[in-house]
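Have a look at final07.csv; it's CSV, C-alpha atoms:
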chain,number,residue,atom,x,y,z
A,1,MET,CA,-5.0,14.7,-46.2
A,2,ALA,CA,-7.3,11.8,-46.9
A,3,ASP,CA,-11.0,12.2,-45.8
A,4,LYS,CA,-11.7,10.4,-42.6
A,5,SER,CA,-13.9,7.3,-42.7
A,6,LEU,CA,-17.4,7.2,-41.2
A,7,GLY,CA,-16.1,5.0,-38.4
A,8,ALA,CA,-13.2,7.5,-37.6
A,9,LEU,CA,-15.7,10.4,-37.6
A,10,LEU,CA,-18.0,8.6,-35.3
A,11,SER,CA,-15.2,7.7,-33.0
A,12,ASP,CA,-14.1,11.4,-32.9
A,13,LEU,CA,-17.6,12.5,-32.1
A,14,LEU,CA,-17.9,10.0,-29.2
A,15,GLN,CA,-14.6,11.2,-27.8
A,16,LEU,CA,-15.7,14.9,-28.1
A,17,LEU,CA,-19.0,14.1,-26.3
A,18,ALA,CA,-17.2,12.3,-23.5
A,19,ASP,CA,-14.8,15.2,-23.1
A,20,LEU,CA,-17.7,17.6,-23.1
A,21,ILE,CA,-19.4,15.6,-20.4
A,22,ASP,CA,-16.2,15.9,-18.3
A,23,GLU,CA,-16.4,19.7,-18.7
A,24,THR,CA,-20.1,20.2,-18.2
A,25,ASP,CA,-21.3,21.1,-14.7
A,26,ASP,CA,-25.0,21.3,-15.5
A,27,ALA,CA,-26.6,17.9,-14.7
A,28,MET,CA,-29.4,18.3,-17.3
A,29,ASP,CA,-26.9,19.1,-20.1
A,30,ARG,CA,-24.8,16.2,-19.1
A,31,GLU,CA,-27.9,13.9,-19.3
A,32,LYS,CA,-28.5,15.1,-22.8
A,33,LEU,CA,-24.9,14.6,-23.9
A,34,LEU,CA,-24.9,11.2,-22.4
A,35,ALA,CA,-28.1,10.2,-24.2
A,36,LEU,CA,-26.5,11.4,-27.4
A,37,GLN,CA,-23.4,9.5,-26.7
A,38,ARG,CA,-25.3,6.3,-26.1
A,39,ARG,CA,-27.3,6.8,-29.3
A,40,ALA,CA,-24.3,7.7,-31.5
A,41,ALA,CA,-22.3,4.7,-30.3
A,42,LYS,CA,-24.8,2.2,-31.6
A,43,PRO,CA,-24.1,2.7,-35.4
A,44,LEU,CA,-20.4,2.8,-34.6
A,45,GLN,CA,-20.7,-0.6,-32.9
A,46,THR,CA,-22.5,-2.0,-35.9
A,47,LEU,CA,-19.7,-0.7,-38.1
A,48,ILE,CA,-17.0,-2.1,-35.9
A,49,ASP,CA,-18.6,-5.5,-35.8
A,50,GLU,CA,-18.6,-5.7,-39.6
A,51,ILE,CA,-14.9,-4.5,-39.8
A,52,VAL,CA,-13.8,-6.9,-37.1
A,53,LYS,CA,-15.3,-9.8,-38.9
A,54,LYS,CA,-13.6,-8.8,-42.2
A,55,ARG,CA,-10.2,-8.1,-40.6
A,56,ILE,CA,-10.1,-11.4,-38.7
A,57,GLU,CA,-10.5,-13.2,-42.1
A,58,GLU,CA,-7.7,-11.0,-43.5
A,59,TYR,CA,-5.5,-11.9,-40.5
A,60,LYS,CA,-6.2,-15.6,-41.1
A,61,ALA,CA,-5.3,-15.4,-44.8
A,62,ALA,CA,-2.1,-13.4,-44.2
A,63,THR,CA,-1.1,-15.8,-41.3
A,64,ALA,CA,-1.6,-18.8,-43.6
A,65,SER,CA,0.7,-17.3,-46.2
A,66,LEU,CA,3.3,-16.5,-43.6
A,67,THR,CA,3.1,-20.0,-42.2
A,68,GLU,CA,3.8,-21.3,-45.7
A,69,ALA,CA,6.8,-19.0,-45.9
A,70,ASN,CA,8.0,-20.3,-42.5
A,71,ALA,CA,7.7,-23.9,-43.7
A,72,ALA,CA,9.7,-23.0,-46.8
A,73,LEU,CA,12.4,-21.5,-44.6
A,74,LYS,CA,12.6,-24.6,-42.4
A,75,ALA,CA,12.8,-26.8,-45.6
A,76,ALA,CA,15.6,-24.6,-47.0
A,77,LYS,CA,17.5,-24.9,-43.7
A,78,THR,CA,17.1,-28.7,-43.7
A,79,ASP,CA,18.3,-28.8,-47.4
A,80,ILE,CA,21.4,-26.8,-46.4
A,81,ASP,CA,22.0,-29.1,-43.5
A,82,GLN,CA,22.2,-31.9,-46.0
A,83,VAL,CA,25.5,-30.6,-47.5
A,84,ALA,CA,27.7,-31.8,-44.7
A,85,VAL,CA,25.7,-35.1,-44.7
A,86,ALA,CA,26.4,-35.5,-48.4
A,87,ILE,CA,30.1,-35.1,-47.8
A,88,THR,CA,30.0,-37.6,-45.0
A,89,LYS,CA,28.1,-40.0,-47.2
A,90,ALA,CA,30.8,-39.6,-49.9
A,91,ALA,CA,33.4,-40.4,-47.3
A,92,LYS,CA,31.5,-43.5,-46.3
A,93,ALA,CA,31.3,-44.6,-49.9
A,94,ILE,CA,35.1,-44.2,-50.4
A,95,SER,CA,35.7,-46.1,-47.2
A,96,ALA,CA,33.5,-48.9,-48.4
A,97,VAL,CA,35.3,-49.0,-51.7
A,98,ALA,CA,38.7,-49.1,-49.8
A,99,LYS,CA,37.5,-52.0,-47.8
A,100,LEU,CA,36.5,-53.9,-50.9
A,101,ALA,CA,39.8,-53.1,-52.6
A,102,GLY,CA,41.6,-54.5,-49.5
A,103,THR,CA,39.6,-57.7,-49.7
A,104,LEU,CA,40.4,-58.1,-53.4
A,105,ALA,CA,44.1,-57.4,-53.0
B,106,MET,CA,30.6,-50.1,-57.7
B,107,SER,CA,34.1,-48.6,-57.9
B,108,GLY,CA,33.2,-46.8,-61.1
B,109,SER,CA,30.1,-45.3,-59.7
B,110,THR,CA,32.1,-44.1,-56.6
B,111,THR,CA,34.6,-42.5,-58.9
B,112,SER,CA,31.8,-40.7,-60.7
B,113,ALA,CA,30.3,-39.7,-57.4
B,114,VAL,CA,33.5,-38.2,-56.2
B,115,ARG,CA,34.0,-36.4,-59.5
B,116,LEU,CA,30.5,-35.1,-59.4
B,117,THR,CA,30.9,-33.9,-55.8
B,118,LEU,CA,34.1,-32.1,-56.5
B,119,GLY,CA,32.9,-30.9,-59.9
B,120,GLY,CA,29.8,-29.5,-58.3
B,121,LEU,CA,31.7,-27.8,-55.6
B,122,ILE,CA,34.1,-26.2,-58.1
B,123,LEU,CA,31.1,-25.1,-60.3
B,124,VAL,CA,29.6,-23.4,-57.3
B,125,THR,CA,32.8,-21.3,-56.8
B,126,ALA,CA,32.6,-20.3,-60.4
B,127,THR,CA,28.9,-19.4,-60.5
B,128,GLY,CA,27.7,-19.1,-56.9
B,129,CYS,CA,27.6,-15.9,-55.0
B,130,GLY,CA,26.3,-15.7,-51.4
B,131,LEU,CA,24.5,-12.9,-49.7
B,132,THR,CA,26.4,-9.7,-49.3
B,133,VAL,CA,27.2,-8.1,-45.9
B,134,GLU,CA,24.6,-5.5,-46.7
B,135,GLN,CA,21.9,-8.1,-47.4
B,136,LYS,CA,22.7,-10.0,-44.3
B,137,ALA,CA,22.5,-6.7,-42.3
B,138,ALA,CA,19.1,-6.1,-43.9
B,139,VAL,CA,17.9,-9.5,-42.8
B,140,SER,CA,19.2,-8.8,-39.3
B,141,ARG,CA,17.4,-5.5,-39.1
B,142,PHE,CA,14.2,-7.1,-40.2
B,143,SER,CA,14.6,-10.0,-37.8
B,144,ARG,CA,15.2,-7.6,-34.8
B,145,SER,CA,12.1,-5.6,-35.7
B,146,THR,CA,9.8,-8.5,-36.1
B,147,ALA,CA,11.0,-10.0,-32.7
B,148,ALA,CA,10.2,-6.8,-30.9
B,149,VAL,CA,6.8,-6.3,-32.5
B,150,GLY,CA,5.8,-9.9,-32.3
B,151,GLU,CA,6.3,-10.2,-28.6
B,152,THR,CA,4.9,-6.7,-27.7
B,153,THR,CA,1.8,-7.2,-29.9
B,154,SER,CA,1.0,-10.6,-28.4
B,155,ASN,CA,1.3,-9.3,-24.9
B,156,GLU,CA,-0.7,-6.1,-25.6
B,157,MET,CA,-3.6,-8.0,-27.3
B,158,ILE,CA,-4.0,-10.2,-24.2
B,159,ARG,CA,-3.8,-7.1,-22.0
B,160,MET,CA,-6.4,-5.3,-24.2
B,161,ARG,CA,-8.8,-8.2,-23.8
B,162,GLY,CA,-8.5,-8.0,-20.0
B,163,MET,CA,-9.0,-4.3,-20.0
B,164,VAL,CA,-12.0,-4.5,-22.3
B,165,ILE,CA,-13.7,-7.0,-20.0
B,166,GLN,CA,-12.9,-4.8,-17.0
B,167,MET,CA,-14.2,-1.6,-18.6
B,168,ASN,CA,-17.4,-3.3,-19.9
B,169,ALA,CA,-18.0,-4.7,-16.4
B,170,ALA,CA,-17.5,-1.2,-14.9
B,171,SER,CA,-19.9,0.3,-17.5
B,172,TYR,CA,-22.5,-2.4,-16.7
B,173,VAL,CA,-22.3,-1.6,-13.0
B,174,ILE,CA,-23.1,2.0,-13.8
B,175,MET,CA,-25.7,1.5,-16.6
B,176,GLY,CA,-27.3,-1.7,-15.5
B,177,LYS,CA,-29.3,-3.7,-18.0
B,178,VAL,CA,-30.3,-1.5,-21.0
B,179,THR,CA,-33.2,-2.9,-22.9
B,180,ASP,CA,-33.6,-0.1,-25.6
B,181,PRO,CA,-32.0,-1.6,-28.7
B,182,SER,CA,-31.2,1.8,-30.2
B,183,LEU,CA,-28.8,2.5,-27.3
B,184,ASP,CA,-25.2,1.3,-27.0
B,185,ALA,CA,-24.6,-0.6,-23.8
B,186,PRO,CA,-22.6,-3.6,-22.6
B,187,LYS,CA,-24.2,-7.0,-22.2
B,188,LEU,CA,-23.6,-9.1,-19.1
B,189,THR,CA,-23.1,-12.2,-21.2
B,190,ASP,CA,-20.9,-10.5,-23.8
B,191,LEU,CA,-18.4,-8.4,-21.8
B,192,ASP,CA,-15.5,-9.3,-24.1
B,193,HIS,CA,-17.4,-8.2,-27.2
B,194,ASN,CA,-15.2,-8.7,-30.3
B,195,PHE,CA,-12.2,-9.4,-27.9
B,196,THR,CA,-13.1,-13.0,-27.9
B,197,VAL,CA,-10.4,-15.6,-27.2
B,198,SER,CA,-10.7,-16.7,-30.8
B,199,ASN,CA,-10.3,-13.2,-32.3
B,200,VAL,CA,-7.5,-12.2,-29.9
B,201,ASP,CA,-5.8,-15.5,-30.7
B,202,THR,CA,-6.0,-14.8,-34.5
B,203,VAL,CA,-4.2,-11.5,-34.1
B,204,VAL,CA,-1.6,-13.1,-31.7
B,205,GLN,CA,-1.0,-15.9,-34.2
B,206,ALA,CA,-0.4,-13.3,-37.0
B,207,ALA,CA,2.1,-11.5,-34.8
B,208,THR,CA,3.8,-14.7,-33.8
B,209,ALA,CA,4.0,-15.9,-37.4
B,210,LEU,CA,5.6,-12.6,-38.3
B,211,GLN,CA,8.1,-13.0,-35.5
B,212,ALA,CA,8.9,-16.6,-36.4
B,213,TYR,CA,9.4,-15.5,-40.1
B,214,GLY,CA,12.0,-13.0,-39.0
B,215,GLU,CA,13.7,-15.5,-36.7
B,216,LEU,CA,13.8,-18.3,-39.3
B,217,LEU,CA,15.1,-16.0,-41.9
B,218,GLN,CA,17.9,-14.9,-39.5
B,219,ALA,CA,18.7,-18.5,-38.6
B,220,LEU,CA,19.0,-19.5,-42.3
B,221,VAL,CA,21.3,-16.6,-43.0
B,222,ASP,CA,23.4,-17.0,-39.8
B,223,ASP,CA,24.0,-20.8,-39.8
B,224,THR,CA,27.3,-21.3,-41.6
B,225,GLN,CA,27.5,-25.0,-40.8
B,226,GLN,CA,31.3,-24.6,-40.2
B,227,LYS,CA,31.4,-27.2,-37.5
B,228,GLU,CA,29.5,-29.8,-39.5
B,229,LEU,CA,31.5,-29.1,-42.7
B,230,LYS,CA,34.8,-29.4,-40.8
B,231,SER,CA,33.8,-32.7,-39.3
B,232,ALA,CA,32.5,-34.0,-42.7
B,233,ALA,CA,35.7,-32.9,-44.5
B,234,GLU,CA,37.9,-34.6,-41.9
B,235,SER,CA,35.8,-37.8,-42.2
B,236,PHE,CA,36.2,-37.5,-46.0
B,237,VAL,CA,40.0,-37.2,-45.8
B,238,ALA,CA,40.2,-40.1,-43.2
B,239,SER,CA,38.3,-42.3,-45.7
B,240,VAL,CA,40.5,-41.3,-48.6
B,241,LYS,CA,43.6,-42.3,-46.6
B,242,THR,CA,42.3,-45.8,-46.4
B,243,VAL,CA,42.2,-46.1,-50.2
B,244,PRO,CA,45.1,-48.2,-51.6
B,245,GLY,CA,47.4,-45.9,-53.6
B,246,ALA,CA,46.3,-42.7,-51.9
B,247,LYS,CA,49.5,-41.7,-50.3
B,248,LEU,CA,48.6,-38.5,-48.6
B,249,SER,CA,50.9,-36.8,-46.1
B,250,ALA,CA,49.3,-35.2,-43.0
B,251,ASP,CA,49.8,-31.8,-44.6
B,252,GLN,CA,48.2,-32.8,-47.8
B,253,GLY,CA,45.2,-34.3,-45.9
B,254,ASP,CA,44.8,-31.1,-44.0
B,255,LEU,CA,44.8,-29.0,-47.1
B,256,ILE,CA,42.2,-31.2,-48.8
B,257,ALA,CA,40.0,-31.0,-45.7
B,258,VAL,CA,40.3,-27.2,-45.8
B,259,ALA,CA,39.4,-27.2,-49.5
B,260,ILE,CA,36.3,-29.3,-49.0
B,261,GLU,CA,35.3,-27.2,-46.0
B,262,GLN,CA,35.7,-24.0,-48.0
B,263,LEU,CA,34.0,-25.2,-51.1
B,264,GLY,CA,31.2,-26.7,-49.0
B,265,GLY,CA,30.8,-23.3,-47.3
B,266,LEU,CA,30.5,-21.6,-50.7
B,267,TYR,CA,27.9,-24.1,-51.8
B,268,ILE,CA,25.9,-23.4,-48.7
B,269,GLU,CA,26.1,-19.6,-49.2
B,270,TRP,CA,24.9,-20.0,-52.7
B,271,LYS,CA,22.0,-22.3,-51.7
B,272,LYS,CA,21.1,-19.8,-48.9
B,273,LYS,CA,21.0,-16.9,-51.2
B,274,LYS,CA,18.8,-18.8,-53.7
B,275,ALA,CA,16.4,-19.8,-50.9
B,276,VAL,CA,16.3,-16.4,-49.2
B,277,LYS,CA,15.6,-14.6,-52.5
B,278,THR,CA,12.8,-16.9,-53.4
B,279,ILE,CA,11.1,-17.1,-50.0
B,280,VAL,CA,11.4,-13.3,-49.2
B,281,THR,CA,9.9,-12.5,-52.6
B,282,GLN,CA,7.1,-14.9,-52.2
B,283,ALA,CA,6.3,-13.8,-48.6
B,284,LYS,CA,6.4,-10.1,-49.5
B,285,ASP,CA,2.6,-9.6,-49.7
B,286,ALA,CA,1.9,-11.7,-46.6
B,287,VAL,CA,4.4,-9.7,-44.6
B,288,THR,CA,3.1,-6.4,-45.9
B,289,GLY,CA,-0.4,-7.6,-45.2
B,290,VAL,CA,0.2,-8.6,-41.6
B,291,CYS,CA,2.2,-5.4,-40.9
B,292,GLN,CA,-0.5,-3.2,-42.5
B,293,LEU,CA,-3.2,-4.9,-40.4
B,294,LEU,CA,-1.2,-4.4,-37.2
B,295,ALA,CA,-0.3,-0.9,-38.0
B,296,THR,CA,-3.9,0.1,-38.6
B,297,GLU,CA,-5.2,-2.0,-35.7
B,298,PHE,CA,-3.1,0.0,-33.2
B,299,ASP,CA,-3.2,3.4,-34.9
B,300,PRO,CA,-5.0,5.7,-32.4
B,301,GLN,CA,-5.9,8.0,-35.3
B,302,GLN,CA,-7.8,5.4,-37.2
B,303,ALA,CA,-11.0,3.6,-36.4
B,304,ASP,CA,-10.4,0.0,-37.3
B,305,ALA,CA,-11.3,-3.4,-36.0
B,306,LEU,CA,-10.2,-4.3,-32.5
B,307,GLY,CA,-8.3,-1.0,-31.9
B,308,SER,CA,-11.5,0.8,-32.6
B,309,GLN,CA,-13.5,-1.5,-30.3
B,310,PHE,CA,-11.1,-0.8,-27.5
B,311,GLN,CA,-11.5,3.0,-28.1
B,312,LYS,CA,-15.3,2.8,-28.1
B,313,VAL,CA,-15.4,0.8,-24.9
B,314,THR,CA,-13.0,3.3,-23.3
B,315,VAL,CA,-14.9,6.4,-24.3
B,316,ARG,CA,-18.3,4.9,-23.2
B,317,LEU,CA,-16.8,4.3,-19.7
B,318,GLN,CA,-15.3,7.7,-19.6
B,319,ALA,CA,-18.7,9.3,-20.4
B,320,GLU,CA,-20.7,7.1,-18.0
B,321,ALA,CA,-18.2,7.5,-15.1
B,322,SER,CA,-17.8,11.2,-15.6
B,323,HIS,CA,-21.5,11.8,-15.3
B,324,LEU,CA,-21.9,9.5,-12.2
B,325,ALA,CA,-18.9,11.1,-10.5
B,326,ARG,CA,-21.1,14.2,-9.8
B,327,SER,CA,-23.7,12.2,-7.9
B,328,THR,CA,-24.5,13.1,-4.3
B,329,SER,CA,-24.1,9.5,-3.2
B,330,ILE,CA,-20.7,8.6,-1.9
B,331,THR,CA,-21.2,5.0,-3.1
B,332,ASP,CA,-21.9,6.3,-6.7
B,333,ARG,CA,-18.9,8.5,-6.6
B,334,SER,CA,-16.7,5.7,-5.3
B,335,VAL,CA,-17.8,3.4,-8.2
B,336,ALA,CA,-17.5,6.3,-10.7
B,337,LEU,CA,-14.0,7.3,-9.7
B,338,THR,CA,-12.6,3.8,-10.0
B,339,ALA,CA,-14.3,3.4,-13.4
B,340,TYR,CA,-13.1,6.8,-14.5
B,341,GLN,CA,-9.5,6.0,-13.5
B,342,LEU,CA,-9.7,2.8,-15.6
B,343,SER,CA,-10.9,4.8,-18.7
B,344,VAL,CA,-8.0,7.2,-18.2
B,345,GLU,CA,-5.5,4.4,-18.0
B,346,ALA,CA,-6.9,2.8,-21.2
B,347,ARG,CA,-6.9,6.1,-23.1
B,348,LYS,CA,-3.3,6.7,-22.1
B,349,ARG,CA,-2.4,3.2,-23.2
B,350,ARG,CA,-4.1,3.7,-26.5
B,351,GLU,CA,-2.4,7.0,-27.2
B,352,GLU,CA,1.1,6.0,-26.1
B,353,ILE,CA,1.7,2.3,-26.3
B,354,PHE,CA,-0.5,1.6,-29.2
B,355,SER,CA,0.9,4.3,-31.4
B,356,LYS,CA,4.4,2.8,-30.8
B,357,ILE,CA,3.3,-0.6,-31.9
B,358,SER,CA,1.6,0.9,-34.9
B,359,ARG,CA,4.7,2.8,-35.9
B,360,ALA,CA,6.9,-0.3,-35.3
B,361,ALA,CA,4.6,-2.5,-37.5
B,362,GLY,CA,4.8,0.2,-40.2
B,363,GLY,CA,8.6,0.2,-39.8
B,364,ILE,CA,8.7,-3.6,-40.4
B,365,ARG,CA,6.6,-3.2,-43.5
B,366,ASP,CA,9.1,-0.6,-44.8
B,367,THR,CA,12.1,-2.7,-43.7
B,368,ASN,CA,10.7,-5.6,-45.6
B,369,HIS,CA,10.3,-3.5,-48.7
B,370,SER,CA,14.0,-2.5,-48.4
B,371,LEU,CA,14.9,-6.2,-48.0
B,372,VAL,CA,13.0,-7.2,-51.0
B,373,SER,CA,14.6,-4.4,-53.1
B,374,ALA,CA,18.1,-5.3,-51.9
B,375,LEU,CA,17.6,-8.9,-52.9
B,376,ALA,CA,15.9,-8.1,-56.2
B,377,THR,CA,18.7,-5.8,-57.5
B,378,ASP,CA,22.0,-7.1,-58.6
B,379,THR,CA,24.0,-4.3,-57.1
B,380,TRP,CA,26.0,-6.7,-55.0
B,381,ALA,CA,27.1,-8.9,-58.0
B,382,PHE,CA,30.4,-7.1,-58.3
B,383,GLU,CA,31.3,-7.5,-54.6
B,384,ASP,CA,30.3,-11.1,-54.7
B,385,ALA,CA,32.3,-11.7,-57.8
B,386,LYS,CA,35.3,-10.2,-56.1
B,387,ALA,CA,34.8,-12.4,-53.0
B,388,THR,CA,34.5,-15.5,-55.1
B,389,ALA,CA,37.6,-14.6,-57.1
B,390,THR,CA,39.6,-14.1,-53.9
B,391,MET,CA,38.4,-17.5,-52.7
B,392,ILE,CA,39.3,-19.3,-55.9
B,393,LYS,CA,42.7,-17.6,-55.9
B,394,ALA,CA,43.3,-18.7,-52.3
B,395,ILE,CA,42.5,-22.2,-53.2
B,396,ALA,CA,44.5,-22.1,-56.4
B,397,ASP,CA,47.5,-20.7,-54.5
B,398,THR,CA,47.6,-23.8,-52.3
B,399,LYS,CA,47.3,-25.9,-55.5
B,400,LEU,CA,44.6,-27.9,-53.7
B,401,VAL,CA,42.2,-28.2,-56.6
B,402,SER,CA,44.8,-28.7,-59.3
B,403,GLN,CA,47.1,-31.0,-57.4
B,404,TYR,CA,45.6,-32.8,-54.4
B,405,THR,CA,42.1,-33.1,-55.7
B,406,LYS,CA,43.5,-34.6,-58.9
B,407,GLU,CA,45.5,-37.1,-56.9
B,408,LEU,CA,42.5,-37.9,-54.9
B,409,VAL,CA,40.4,-38.6,-58.0
B,410,ASP,CA,43.3,-40.6,-59.6
B,411,SER,CA,43.6,-42.7,-56.4
B,412,VAL,CA,40.0,-43.7,-56.6
B,413,ARG,CA,40.4,-44.3,-60.4
B,414,ILE,CA,43.0,-47.0,-59.6
B,415,LEU,CA,40.1,-49.1,-58.2
B,416,LYS,CA,38.4,-49.1,-61.6
Represent the supplied structure as C-alpha cells.
Amino acid sequence: MADKSLGALLSDLLQLLADLIDETDDAMDREKLLALQRRAAKPLQTLIDEIVKKRIEEYKAATASLTEANAALKAAKTDIDQVAVAITKAAKAISAVAKLAGTLA
Amino acid sequence: MSGSTTSAVRLTLGGLILVTATGCGLTVEQKAAVSRFSRSTAAVGETTSNEMIRMRGMVIQMNAASYVIMGKVTDPSLDAPKLTDLDHNFTVSNVDTVVQAATALQAYGELLQALVDDTQQKELKSAAESFVASVKTVPGAKLSADQGDLIAVAIEQLGGLYIEWKKKKAVKTIVTQAKDAVTGVCQLLATEFDPQQADALGSQFQKVTVRLQAEASHLARSTSITDRSVALTAYQLSVEARKRREEIFSKISRAAGGIRDTNHSLVSALATDTWAFEDAKATATMIKAIADTKLVSQYTKELVDSVRILK
C-alpha cells in the first residue's frame, strides 16, 4: 500500500481528534483536544489552498482539451451530414443537364 | 458542362464503390463500447455537477455554523472561518470550473454516441430518390419504376457504407486524441471525491466538516440551553455532511474511475484490428447483395451511359 500524503495524514488526525472530542466527557481534556484541532487544521488549510489552486488549473487544461474533442465530434457529424447533401447536389446537376439537353433537342 | 457532369457522376459512383471495397464501419462491439462509455459519462456528468453545487451550499452553511460557535478568531496560527470568506475555496469560479469539466465529459460521451448512432437513413433515402427522379428526366435514360427503385436502394446502401466508413475514421481519430483529456478529467474527479484521499475541494469539504463536528461536539456539553440548541443543529449538519462524503462521494469517485477504465477499453477496442475480419465479412455480404441485383453492373452502367449521351 502506498504511503499516505501529508495532507491525508493531517486529515486523518483531525478526524481522530474530532471523534475523540465526541467521546471525552472531561471538559478540560476536550478544551485541549479542541485547541490541538484548531492548531493542526491550520497547516492542512495552507496545503489544501495550494492543491486547490493547482487542481483548478489542471481542470481548466483538461476541459479545454475535451472541448476541442467535442468540436471535432461536431465537425465530423457535419461532415457526415454532407453525404446526403452531395447526392442531392449530384441529382440537381443531372437535372440541370437534362433541362439543357431538352433545350438543345 | 455535360462532360463535367458525367465525370462527377462517375466519381460519385466510383467513390461509393471504392468505399465498399475498402471501407469498414464500426463493429457491434465497438458501438456497444461507445454506448457503455456514453451512459457512464451522462450519469457522472449530471451527478457531479449537482453534487458540486450542493457541496458549495453545505460548506457555506457549515462555515457559518462554525463562525456562530467560534466567533471572530484573531490568532493567525489557529484555523477558523472568516465571515467574509464563508465559501473558502468553494468559490463560484472554482465550482464552475469543476462543473464545466464534468459537463464537457458528459457532452463528449453524448456527441460520440450521436455520431455513432446517426445512420442518416432518412436523408439518404430522400437524396437517392431525388437522384433517380433527376436521372429519369435525362433524355435516353429509360428507367422502369423497378429499375429506378433498385438504383435508389443501391445509392442509399452505398451512401450508408460511406457514412459508416467516415464515422469509424472520425471516431478512431478523435477518441485517440481525447484519450489523455478524458483520463485527466476522470482522474481529477475520482480523486476529488475519494473519501480516502485528501485532495483539493473534496479535502476542503472534509476539513470544514471535521471542524464543525469538533466545535459543535464541545459546545453541546454546555450548561446553557441556547448553546446546546446551536450546537445540536450544527452537529447534525456535520453528521449529514460526513455521511454524504462517505456514501455519495465514494460512489461518484468509483463511477469516475469506471469511466476512465471504460475509456481505456474503448481506445484499445478501436486501436486493435480484431474486428477487421467481421467487417470484411459484412462488406462482402453487402457487395454480394448489390451484385445479386445486378445494380452496379447493369443499372449504374446504364445510368452512366445515359449521361454520356449528352457529351
- Item | At most 6 Å to chain A: residues in chain B, only C-alpha atoms, as an MDAnalysis selection string | chainID B and resid 183:184 206 213 220 228:229 232 236 239 242:243 283 286 290 302:303 305 315 319 322
- Please, what distance in Å, to one decimal, runs between atom CA of Leu13 of chain A and atom CA of Ala321 of chain B? 17.7 Å
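With atom CA of Lys356 of chain B on one side and atom CA of Ser143 of chain B on the other, the separation reads 17.8 Å.
Taking atom CA of Arg333 of chain B and atom CA of Ser171 of chain B as endpoints, the distance between them is 13.7 Å.
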